[in-house]
$ cat work-v4.cif   # mmCIF, C-alpha atoms
data_upload
#
loop_
_atom_site.label_atom_id
_atom_site.label_comp_id
_atom_site.auth_asym_id
_atom_site.auth_seq_id
_atom_site.Cartn_x
_atom_site.Cartn_y
_atom_site.Cartn_z
CA MET G 1 15.63 2.43 8.25
CA LEU G 2 13.10 2.15 5.42
CA ILE G 3 9.80 0.28 5.24
CA ASP G 4 8.19 -0.74 1.95
CA THR G 5 4.54 -0.46 2.90
CA HIS G 6 3.15 -1.94 -0.32
CA CYS G 7 4.69 -4.63 -2.50
CA HIS G 8 3.69 -8.02 -3.86
CA LEU G 9 6.54 -10.24 -2.74
CA HIS G 10 4.38 -13.32 -3.26
CA ASP G 11 4.14 -12.52 -6.99
CA GLU G 12 5.35 -15.25 -9.34
CA LYS G 13 7.80 -12.77 -10.87
CA PHE G 14 9.86 -13.18 -7.70
CA ALA G 15 9.52 -16.95 -7.41
CA ASN G 16 13.04 -17.90 -8.49
CA GLU G 17 14.97 -15.48 -6.30
CA ARG G 18 12.77 -14.32 -3.44
CA PRO G 19 15.41 -14.80 -0.68
CA GLU G 20 17.94 -12.84 -2.74
CA ILE G 21 15.45 -10.02 -3.29
CA ILE G 22 14.72 -9.84 0.43
CA ASN G 23 18.46 -9.83 1.18
CA ARG G 24 18.99 -6.97 -1.27
CA ALA G 25 16.23 -5.06 0.49
CA HIS G 26 17.91 -5.56 3.86
CA GLU G 27 21.24 -4.43 2.39
CA ALA G 28 19.44 -1.24 1.27
CA ASP G 29 18.24 -0.75 4.88
CA VAL G 30 14.68 -1.81 4.07
CA GLN G 31 13.91 -3.50 7.38
CA ALA G 32 10.28 -4.45 6.77
CA MET G 33 7.96 -5.09 3.84
CA ILE G 34 4.20 -5.57 3.55
CA SER G 35 3.08 -8.03 0.87
CA ILE G 36 -0.37 -6.99 -0.31
CA GLY G 37 -3.17 -9.34 -1.29
CA CYS G 38 -5.47 -8.51 -4.22
CA ASP G 39 -7.82 -11.52 -4.11
CA LEU G 40 -8.22 -14.66 -2.01
CA ALA G 41 -5.41 -16.54 -3.77
CA THR G 42 -2.84 -13.77 -3.48
CA SER G 43 -3.87 -12.99 0.09
CA GLU G 44 -3.28 -16.65 0.95
CA ALA G 45 0.08 -16.56 -0.86
CA ALA G 46 1.10 -13.43 1.04
CA TYR G 47 0.13 -15.07 4.33
CA SER G 48 2.22 -18.15 3.52
CA LEU G 49 5.22 -16.02 2.60
CA THR G 50 5.29 -14.30 5.98
CA LYS G 51 5.83 -17.64 7.70
CA GLU G 52 9.19 -18.00 5.95
CA PHE G 53 10.74 -14.59 6.64
CA PRO G 54 10.86 -12.25 9.65
CA ASN G 55 9.64 -8.67 9.26
CA ILE G 56 7.54 -9.53 6.24
CA PHE G 57 3.88 -8.70 6.88
CA TYR G 58 0.78 -9.00 4.72
CA SER G 59 -2.69 -7.75 3.96
CA ALA G 60 -5.80 -9.60 2.83
CA GLY G 61 -8.22 -8.03 0.40
CA ILE G 62 -10.13 -7.93 -2.86
CA HIS G 63 -8.89 -5.45 -5.47
CA PRO G 64 -11.59 -3.49 -7.33
CA HIS G 65 -10.62 -5.31 -10.54
CA GLU G 66 -11.72 -8.56 -8.86
CA ALA G 67 -14.88 -7.23 -7.22
CA ALA G 68 -17.37 -8.65 -9.71
CA THR G 69 -15.92 -12.17 -9.46
CA ALA G 70 -15.40 -12.32 -5.70
CA PRO G 71 -17.07 -15.47 -4.31
CA GLN G 72 -20.10 -15.07 -2.08
CA ASP G 73 -18.17 -16.18 0.98
CA TYR G 74 -15.14 -13.98 0.34
CA LEU G 75 -15.67 -11.91 3.50
CA GLU G 76 -15.59 -14.98 5.73
CA LYS G 77 -12.42 -16.17 4.03
CA LEU G 78 -10.76 -12.77 4.31
CA ALA G 79 -11.69 -12.58 7.98
CA LEU G 80 -10.11 -15.97 8.60
CA LEU G 81 -6.93 -14.95 6.77
CA ALA G 82 -6.79 -11.72 8.74
CA THR G 83 -6.71 -13.41 12.15
CA ASP G 84 -2.97 -14.01 11.94
CA LYS G 85 -0.87 -11.48 13.86
CA LYS G 86 1.18 -10.72 10.74
CA CYS G 87 -1.90 -9.50 8.88
CA VAL G 88 -1.66 -5.75 9.33
CA ALA G 89 -4.40 -4.51 6.99
CA ILE G 90 -7.45 -5.24 4.90
CA GLY G 91 -6.93 -4.48 1.20
CA GLU G 92 -5.94 -3.51 -1.25
CA CYS G 93 -9.53 -2.62 -1.94
CA GLY G 94 -11.26 0.39 -3.41
CA LEU G 95 -12.50 1.79 -6.70
CA ASP G 96 -10.97 1.89 -10.17
CA TYR G 97 -13.06 3.64 -12.81
CA TYR G 98 -10.12 3.95 -15.20
CA TYR G 99 -10.08 0.28 -16.22
CA ASN G 100 -13.56 -0.71 -14.98
CA HIS G 101 -12.64 -4.40 -15.01
CA SER G 102 -15.56 -4.77 -12.60
CA ASP G 103 -18.80 -2.81 -12.81
CA LYS G 104 -19.12 0.22 -10.53
CA GLU G 105 -21.91 -1.30 -8.45
CA SER G 106 -19.82 -4.37 -7.62
CA GLN G 107 -16.79 -2.24 -6.86
CA GLN G 108 -18.71 -0.03 -4.47
CA ARG G 109 -20.39 -2.93 -2.71
CA VAL G 110 -17.19 -4.93 -2.20
CA PHE G 111 -15.30 -1.83 -1.10
CA ALA G 112 -17.97 -0.93 1.47
CA GLU G 113 -18.01 -4.49 2.78
CA GLN G 114 -14.24 -4.48 3.25
CA ILE G 115 -14.39 -1.14 5.04
CA GLU G 116 -16.81 -2.73 7.50
CA LEU G 117 -14.55 -5.77 7.85
CA ALA G 118 -11.55 -3.58 8.66
CA LYS G 119 -13.60 -1.81 11.34
CA LYS G 120 -14.76 -5.11 12.81
CA LEU G 121 -11.23 -6.53 12.91
CA LYS G 122 -9.59 -3.24 13.92
CA LYS G 123 -7.19 -3.37 10.98
CA ALA G 124 -5.82 -0.61 8.79
CA LEU G 125 -7.41 -0.23 5.35
CA VAL G 126 -5.26 -0.12 2.19
CA VAL G 127 -7.14 1.74 -0.54
CA HIS G 128 -6.64 1.61 -4.31
CA VAL G 129 -8.38 4.47 -6.10
CA ARG G 130 -8.16 5.67 -9.69
CA ASP G 131 -10.51 8.12 -11.42
CA ALA G 132 -13.06 7.57 -8.64
CA TRP G 133 -12.03 10.29 -6.24
CA ASP G 134 -15.46 11.57 -5.17
CA ASP G 135 -17.05 8.14 -4.78
CA CYS G 136 -14.06 6.91 -2.80
CA LEU G 137 -14.26 9.83 -0.38
CA ALA G 138 -18.01 9.42 -0.04
CA LEU G 139 -17.76 5.74 0.88
CA LEU G 140 -14.93 6.36 3.32
CA GLN G 141 -16.82 9.26 4.86
CA GLU G 142 -19.96 7.17 5.22
CA ASN G 143 -18.43 3.96 6.51
CA GLY G 144 -14.80 4.51 7.45
CA GLN G 145 -15.01 6.64 10.57
CA GLY G 146 -12.32 5.68 13.07
CA LEU G 147 -10.30 3.62 10.59
CA THR G 148 -6.64 4.04 9.78
CA ILE G 149 -6.74 4.63 6.02
CA ILE G 150 -3.84 4.42 3.60
CA ILE G 151 -4.25 5.69 0.04
CA HIS G 152 -1.78 3.44 -1.72
CA CYS G 153 0.31 4.53 -4.71
CA PHE G 154 -1.16 8.00 -4.52
CA SER G 155 -1.77 9.44 -7.98
CA GLY G 156 -4.75 11.69 -7.44
CA PRO G 157 -5.23 15.40 -8.08
CA GLN G 158 -4.38 18.17 -5.63
CA ASP G 159 -7.94 18.63 -4.38
CA PHE G 160 -8.24 14.93 -3.56
CA ALA G 161 -4.93 15.08 -1.68
CA GLN G 162 -6.20 18.03 0.35
CA GLU G 163 -9.37 16.16 1.29
CA CYS G 164 -7.25 13.18 2.37
CA TRP G 165 -5.01 15.41 4.48
CA LYS G 166 -8.03 16.94 6.21
CA ARG G 167 -9.37 13.49 7.07
CA GLY G 168 -6.06 12.26 8.46
CA PHE G 169 -5.47 9.64 5.77
CA TYR G 170 -1.95 8.42 5.06
CA LEU G 171 -0.71 8.97 1.51
CA SER G 172 1.75 6.39 0.19
CA PHE G 173 3.99 7.35 -2.73
CA SER G 174 5.67 5.00 -5.19
CA GLY G 175 8.34 5.20 -7.88
CA ILE G 176 5.98 7.30 -10.00
CA VAL G 177 7.34 10.39 -8.19
CA THR G 178 10.68 9.81 -9.95
CA PHE G 179 9.17 9.92 -13.45
CA LYS G 180 9.82 12.96 -15.65
CA ASN G 181 6.12 13.74 -16.09
CA ALA G 182 5.31 13.56 -12.36
CA ALA G 183 6.01 17.15 -11.29
CA GLU G 184 2.49 17.69 -9.91
CA LEU G 185 2.57 14.42 -7.99
CA LEU G 186 6.00 15.20 -6.55
CA GLU G 187 4.66 18.56 -5.40
CA ILE G 188 1.86 16.76 -3.55
CA ALA G 189 4.42 14.43 -1.93
CA LYS G 190 6.46 17.49 -0.96
CA ASN G 191 3.46 19.10 0.74
CA THR G 192 1.92 16.05 2.40
CA PRO G 193 2.09 16.46 6.19
CA MET G 194 5.13 14.53 7.37
CA ASP G 195 3.12 12.46 9.83
CA GLN G 196 0.82 11.28 7.00
CA LEU G 197 3.56 10.27 4.54
CA LEU G 198 4.43 6.68 3.57
CA LEU G 199 6.73 5.06 1.00
CA GLU G 200 6.16 2.02 -1.19
CA THR G 201 7.34 0.28 -4.34
CA ASP G 202 4.26 -1.65 -5.51
CA ALA G 203 6.88 -4.16 -6.68
CA PRO G 204 7.11 -5.86 -9.12
CA TYR G 205 5.39 -2.88 -10.77
CA LEU G 206 6.34 0.81 -11.18
CA ALA G 207 10.12 0.61 -10.92
CA PRO G 208 11.59 4.05 -10.19
CA VAL G 209 14.14 5.90 -12.24
CA PRO G 210 16.87 4.73 -12.98
CA PHE G 211 15.27 1.27 -13.25
CA ARG G 212 12.07 2.26 -15.04
CA GLY G 213 10.78 -0.54 -17.25
CA LYS G 214 12.43 -3.27 -15.19
CA ARG G 215 10.91 -5.55 -12.58
CA ASN G 216 10.68 -3.50 -9.41
CA GLU G 217 11.84 -4.74 -6.00
CA PRO G 218 11.64 -3.47 -2.40
CA ALA G 219 15.29 -2.35 -2.25
CA TRP G 220 14.45 0.39 -4.70
CA VAL G 221 12.14 2.17 -2.28
CA GLN G 222 15.31 4.09 -1.38
CA HIS G 223 14.98 5.92 -4.73
CA VAL G 224 11.46 6.99 -3.81
CA ALA G 225 12.74 8.23 -0.46
CA ALA G 226 15.62 10.11 -2.06
CA LYS G 227 13.38 11.88 -4.56
CA ILE G 228 10.87 13.03 -1.95
CA ALA G 229 13.62 14.03 0.50
CA GLU G 230 15.21 16.18 -2.20
CA ALA G 231 11.86 17.82 -2.99
CA ARG G 232 11.28 18.56 0.70
CA GLY G 233 14.80 19.89 1.24
CA ILE G 234 15.73 17.36 3.94
CA ASN G 235 18.19 14.51 4.05
CA ILE G 236 17.13 10.99 3.18
CA GLU G 237 17.94 9.74 6.68
CA GLU G 238 15.37 12.04 8.24
CA LEU G 239 12.70 11.18 5.67
CA SER G 240 13.39 7.45 6.03
CA GLN G 241 13.11 7.58 9.80
CA ARG G 242 9.94 9.67 9.82
CA THR G 243 8.15 7.54 7.22
CA SER G 244 9.21 4.33 8.96
CA THR G 245 7.81 5.64 12.23
CA ASN G 246 4.57 6.43 10.39
CA ALA G 247 4.45 2.91 8.94
CA GLN G 248 5.02 1.27 12.30
CA LYS G 249 2.25 3.38 13.80
CA CYS G 250 -0.43 3.06 11.14
CA PHE G 251 0.06 -0.68 10.54
CA ALA G 252 0.87 -1.47 14.20
CA LEU G 253 4.02 -3.26 13.05
CA GLN G 254 5.87 -5.35 15.61
CA LEU G 255 9.36 -5.66 14.17
CA SER G 256 11.72 -8.46 15.12
CA PRO G 257 15.35 -7.60 15.91
CA SER G 258 17.37 -7.52 12.71
#
$ encode --input "work-v4.cif" --output "structure tokens"
Amino acid sequence: MLIDTHCHLHDEKFANERPEIINRAHEADVQAMISIGCDLATSEAAYSLTKEFPNIFYSAGIHPHEAATAPQDYLEKLALLATDKKCVAIGECGLDYYYNHSDKESQQRVFAEQIELAKKLKKALVVHVRDAWDDCLALLQENGQGLTIIIHCFSGPQDFAQECWKRGFYLSFSGIVTFKNAAELLEIAKNTPMDQLLLETDAPYLAPVPFRGKRNEPAWVQHVAAKIAEARGINIEELSQRTSTNAQKCFALQLSPS
């Protein structure tokens, strides 16, 4: 069994064939998927999607790109969205100093507020971080004690990974590990403690080899699993089972019979 812990099934790129995409995922033994919100509109769309399909879950959050334009009452609206039992996390939220679509002050404020919301609601926290490693750790250290924290689409340096391991964070790896220039990242995936390892697609983005450049989909998380299993010297069945157990634990997933 595989679980895609981070995708965007509600994305308009899937609008014309969403049931077929979900069926292909099931045929690839992907038994559950988490559709991740990035603002109020996409969080609402993800929530609506989970009403149509079993074993599709969602998160509600404000991406750092959207931090500066988040409405004043966004926390109240996120909290309301997060009351549904299929909401398994707050996020994706965090810091992105690579693009800086929102100013750093807004990013840090909105991130800190969502950390507090996750604590209040007892939800996992899905974190997006790029080129903001120290500030991300500082905010999580200051405000995130006791939270289950997932660093989504991990792409950070070795020293950041080591700090995450020490703090008990989950690291989620995407199709990037299959890219030719990702040797350092694959080494980090190889060395991540097995009980802190998760898999994702970030679909429709970041399609793995051999589909790079195409629209990604949850079925292809099997290629992420295969690459990491090969690097770790274990079979894909073991890696799939272990990472699925991790996903069920950290997101408190209640799966329906398939």
$ atom_distance --input "work-v4.cif" --atom1 "CA of Arg130 (chain G)" --atom2 "CA of Thr42 (chain G)"
21.1 Å
$ resolve_selection --input "work-v4.cif" --expression "the PyMOL selection byres ((chain G and resi 6) around 8)" --output "short mmCIF file (atom, residue, chain, number, x, y, z; two decimals) with C-alpha atoms, in the frame of the given file"
data_model
loop_
_atom_site.label_atom_id
_atom_site.label_comp_id
_atom_site.auth_asym_id
_atom_site.auth_seq_id
_atom_site.Cartn_x
_atom_site.Cartn_y
_atom_site.Cartn_z
CA ASP G 4 8.19 -0.74 1.95
CA THR G 5 4.54 -0.46 2.90
CA CYS G 7 4.69 -4.63 -2.50
CA HIS G 8 3.69 -8.02 -3.86
CA MET G 33 7.96 -5.09 3.84
CA ILE G 34 4.20 -5.57 3.55
CA SER G 35 3.08 -8.03 0.87
CA ILE G 36 -0.37 -6.99 -0.31
CA HIS G 152 -1.78 3.44 -1.72
CA LEU G 199 6.73 5.06 1.00
CA GLU G 200 6.16 2.02 -1.19
CA THR G 201 7.34 0.28 -4.34
CA ASP G 202 4.26 -1.65 -5.51
CA ALA G 203 6.88 -4.16 -6.68
#
$ atom_distance --input "work-v4.cif" --atom1 "CA of Pro193 (chain G)" --atom2 "CA of Val126 (chain G)"
18.6 Å
$ residues_around --input "work-v4.cif" --residues "Leu75 (chain G)" --least-positions-apart "5" --cutoff "12 Å" --atoms "all atoms listed in the file" --output "count of residues only"
24
$ resolve_selection --input "work-v4.cif" --expression "the PyMOL selection byres ((chain G and resi 207) around 12)" --output "ChimeraX atom specification"
/G:7,174-179,200-206,208-224
$ atom_distance --input "work-v4.cif" --atom1 "CA of Leu2 (chain G)" --atom2 "CA of Val30 (chain G)"
4.5 Å
$ closest_residue --input "work-v4.cif" --among "G:Lys180, G:Lys166, G:Arg242, G:Arg24" --to "Met1 (chain G)" --atoms "all atoms listed in the file"
G:Arg242
$ closest_residue --input "work-v4.cif" --among "G:Asn235, G:Asn246, G:Ser155, G:Asn181" --to "Leu197 (chain G)" --atoms "only C-alpha atoms"
G:Asn246
$ resolve_selection --input "work-v4.cif" --expression "the PyMOL selection byres ((chain G and resi 142-149) around 7)" --output "list in words"
Ile115, Glu116, Lys119, Ala124, Leu125, Val126, Ala138, Leu139, Leu140, Gln141, Ile150, Ile151, Phe169, Tyr170 and Cys250 of chain G
$ residues_near_point --input "work-v4.cif" --point "(11.7, 7.7, 8.7)" --cutoff "12 Å" --atoms "only C-alpha atoms" --output "PyMOL selection string"
chain G and resi 1-4+29-31+194-199+222+225-226+228-229+234-249
$ closest_residue --input "work-v4.cif" --among "G:Phe14, G:Pro157, G:Pro64, G:Leu137" --to "Ala182 (chain G)" --atoms "all atoms listed in the file"
G:Pro157
$ residues_around --input "work-v4.cif" --residues "Pro257 (chain G)" --least-positions-apart "3" --cutoff "10 Å" --atoms "only C-alpha atoms" --output "PyMOL selection string"
chain G and resi 31+54-55+254
$ closest_residue --input "work-v4.cif" --among "G:Asp84, G:Asp11, G:Glu17, G:Asp96" --to "Asp134 (chain G)" --atoms "only C-alpha atoms"
G:Asp96
$ closest_residue --input "work-v4.cif" --among "G:Lys51, G:His63, G:Lys227, G:His128" --to "Lys86 (chain G)" --atoms "only C-alpha atoms"
G:Lys51
$ closest_residue --input "work-v4.cif" --among "G:Ser59, G:Glu230, G:His65, G:Trp165" --to "Lys123 (chain G)" --atoms "all atoms listed in the file"
G:Ser59
$ build_atoms --input "work-v4.cif" --residues "region 149-181 of chain G" --atoms "N, CA and C atoms" --output "PDB file, keeping the file's coordinate frame"
ATOM      1  N   ILE G 149      -6.556   4.773   7.468  1.00  0.00           N
ATOM      2  CA  ILE G 149      -6.740   4.630   6.020  1.00  0.00           C
ATOM      3  C   ILE G 149      -5.477   5.046   5.294  1.00  0.00           C
ATOM      4  N   ILE G 150      -5.025   4.168   4.411  1.00  0.00           N
ATOM      5  CA  ILE G 150      -3.840   4.420   3.600  1.00  0.00           C
ATOM      6  C   ILE G 150      -4.259   4.475   2.142  1.00  0.00           C
ATOM      7  N   ILE G 151      -4.021   5.589   1.474  1.00  0.00           N
ATOM      8  CA  ILE G 151      -4.250   5.690   0.040  1.00  0.00           C
ATOM      9  C   ILE G 151      -2.965   5.245  -0.641  1.00  0.00           C
ATOM     10  N   HIS G 152      -2.993   4.038  -1.174  1.00  0.00           N
ATOM     11  CA  HIS G 152      -1.780   3.440  -1.720  1.00  0.00           C
ATOM     12  C   HIS G 152      -1.463   3.994  -3.112  1.00  0.00           C
ATOM     13  N   CYS G 153      -0.169   4.071  -3.407  1.00  0.00           N
ATOM     14  CA  CYS G 153       0.310   4.530  -4.710  1.00  0.00           C
ATOM     15  C   CYS G 153      -0.426   5.797  -5.132  1.00  0.00           C
ATOM     16  N   PHE G 154      -0.361   6.798  -4.291  1.00  0.00           N
ATOM     17  CA  PHE G 154      -1.160   8.000  -4.520  1.00  0.00           C
ATOM     18  C   PHE G 154      -0.856   8.578  -5.893  1.00  0.00           C
ATOM     19  N   SER G 155      -1.926   8.854  -6.642  1.00  0.00           N
ATOM     20  CA  SER G 155      -1.770   9.440  -7.980  1.00  0.00           C
ATOM     21  C   SER G 155      -2.904  10.417  -8.273  1.00  0.00           C
ATOM     22  N   GLY G 156      -3.586  10.848  -7.240  1.00  0.00           N
ATOM     23  CA  GLY G 156      -4.750  11.690  -7.440  1.00  0.00           C
ATOM     24  C   GLY G 156      -4.409  13.159  -7.613  1.00  0.00           C
ATOM     25  N   PRO G 157      -5.426  13.965  -7.902  1.00  0.00           N
ATOM     26  CA  PRO G 157      -5.230  15.400  -8.080  1.00  0.00           C
ATOM     27  C   PRO G 157      -5.046  16.109  -6.736  1.00  0.00           C
ATOM     28  N   GLN G 158      -4.660  17.379  -6.822  1.00  0.00           N
ATOM     29  CA  GLN G 158      -4.380  18.170  -5.630  1.00  0.00           C
ATOM     30  C   GLN G 158      -5.584  18.267  -4.699  1.00  0.00           C
ATOM     31  N   ASP G 159      -6.779  18.472  -5.254  1.00  0.00           N
ATOM     32  CA  ASP G 159      -7.940  18.630  -4.380  1.00  0.00           C
ATOM     33  C   ASP G 159      -8.279  17.345  -3.636  1.00  0.00           C
ATOM     34  N   PHE G 160      -8.033  16.198  -4.253  1.00  0.00           N
ATOM     35  CA  PHE G 160      -8.240  14.930  -3.560  1.00  0.00           C
ATOM     36  C   PHE G 160      -7.215  14.777  -2.440  1.00  0.00           C
ATOM     37  N   ALA G 161      -5.970  15.138  -2.713  1.00  0.00           N
ATOM     38  CA  ALA G 161      -4.930  15.080  -1.680  1.00  0.00           C
ATOM     39  C   ALA G 161      -5.322  15.937  -0.476  1.00  0.00           C
ATOM     40  N   GLN G 162      -5.825  17.134  -0.738  1.00  0.00           N
ATOM     41  CA  GLN G 162      -6.200  18.030   0.350  1.00  0.00           C
ATOM     42  C   GLN G 162      -7.331  17.446   1.199  1.00  0.00           C
ATOM     43  N   GLU G 163      -8.291  16.794   0.535  1.00  0.00           N
ATOM     44  CA  GLU G 163      -9.370  16.160   1.290  1.00  0.00           C
ATOM     45  C   GLU G 163      -8.837  15.002   2.137  1.00  0.00           C
ATOM     46  N   CYS G 164      -7.872  14.269   1.605  1.00  0.00           N
ATOM     47  CA  CYS G 164      -7.250  13.180   2.370  1.00  0.00           C
ATOM     48  C   CYS G 164      -6.494  13.722   3.571  1.00  0.00           C
ATOM     49  N   TRP G 165      -5.754  14.809   3.358  1.00  0.00           N
ATOM     50  CA  TRP G 165      -5.010  15.410   4.480  1.00  0.00           C
ATOM     51  C   TRP G 165      -5.970  15.829   5.592  1.00  0.00           C
ATOM     52  N   LYS G 166      -7.075  16.463   5.209  1.00  0.00           N
ATOM     53  CA  LYS G 166      -8.030  16.940   6.210  1.00  0.00           C
ATOM     54  C   LYS G 166      -8.617  15.797   7.032  1.00  0.00           C
ATOM     55  N   ARG G 167      -8.775  14.644   6.403  1.00  0.00           N
ATOM     56  CA  ARG G 167      -9.370  13.490   7.070  1.00  0.00           C
ATOM     57  C   ARG G 167      -8.348  12.640   7.819  1.00  0.00           C
ATOM     58  N   GLY G 168      -7.085  13.006   7.733  1.00  0.00           N
ATOM     59  CA  GLY G 168      -6.060  12.260   8.460  1.00  0.00           C
ATOM     60  C   GLY G 168      -5.604  10.987   7.774  1.00  0.00           C
ATOM     61  N   PHE G 169      -5.909  10.832   6.484  1.00  0.00           N
ATOM     62  CA  PHE G 169      -5.470   9.640   5.770  1.00  0.00           C
ATOM     63  C   PHE G 169      -3.951   9.687   5.547  1.00  0.00           C
ATOM     64  N   TYR G 170      -3.348   8.530   5.486  1.00  0.00           N
ATOM     65  CA  TYR G 170      -1.950   8.420   5.060  1.00  0.00           C
ATOM     66  C   TYR G 170      -1.907   8.351   3.534  1.00  0.00           C
ATOM     67  N   LEU G 171      -0.938   9.048   2.942  1.00  0.00           N
ATOM     68  CA  LEU G 171      -0.710   8.970   1.510  1.00  0.00           C
ATOM     69  C   LEU G 171       0.614   8.249   1.275  1.00  0.00           C
ATOM     70  N   SER G 172       0.573   7.201   0.474  1.00  0.00           N
ATOM     71  CA  SER G 172       1.750   6.390   0.190  1.00  0.00           C
ATOM     72  C   SER G 172       2.194   6.651  -1.247  1.00  0.00           C
ATOM     73  N   PHE G 173       3.466   6.983  -1.414  1.00  0.00           N
ATOM     74  CA  PHE G 173       3.990   7.350  -2.730  1.00  0.00           C
ATOM     75  C   PHE G 173       4.960   6.280  -3.233  1.00  0.00           C
ATOM     76  N   SER G 174       4.889   6.054  -4.531  1.00  0.00           N
ATOM     77  CA  SER G 174       5.670   5.000  -5.190  1.00  0.00           C
ATOM     78  C   SER G 174       6.719   5.614  -6.113  1.00  0.00           C
ATOM     79  N   GLY G 175       7.337   4.757  -6.928  1.00  0.00           N
ATOM     80  CA  GLY G 175       8.340   5.200  -7.880  1.00  0.00           C
ATOM     81  C   GLY G 175       7.831   6.167  -8.921  1.00  0.00           C
ATOM     82  N   ILE G 176       6.525   6.334  -9.034  1.00  0.00           N
ATOM     83  CA  ILE G 176       5.980   7.300 -10.000  1.00  0.00           C
ATOM     84  C   ILE G 176       6.532   8.700  -9.747  1.00  0.00           C
ATOM     85  N   VAL G 177       6.840   9.032  -8.484  1.00  0.00           N
ATOM     86  CA  VAL G 177       7.340  10.390  -8.190  1.00  0.00           C
ATOM     87  C   VAL G 177       8.685  10.660  -8.848  1.00  0.00           C
ATOM     88  N   THR G 178       9.381   9.612  -9.286  1.00  0.00           N
ATOM     89  CA  THR G 178      10.680   9.810  -9.950  1.00  0.00           C
ATOM     90  C   THR G 178      10.558  10.002 -11.455  1.00  0.00           C
ATOM     91  N   PHE G 179       9.348   9.828 -12.006  1.00  0.00           N
ATOM     92  CA  PHE G 179       9.170   9.920 -13.450  1.00  0.00           C
ATOM     93  C   PHE G 179       9.228  11.387 -13.899  1.00  0.00           C
ATOM     94  N   LYS G 180       9.639  11.596 -15.133  1.00  0.00           N
ATOM     95  CA  LYS G 180       9.820  12.960 -15.650  1.00  0.00           C
ATOM     96  C   LYS G 180       8.519  13.742 -15.697  1.00  0.00           C
ATOM     97  N   ASN G 181       7.404  13.054 -15.937  1.00  0.00           N
ATOM     98  CA  ASN G 181       6.120  13.740 -16.090  1.00  0.00           C
ATOM     99  C   ASN G 181       5.338  13.829 -14.786  1.00  0.00           C
TER     100      ASN G 181
END
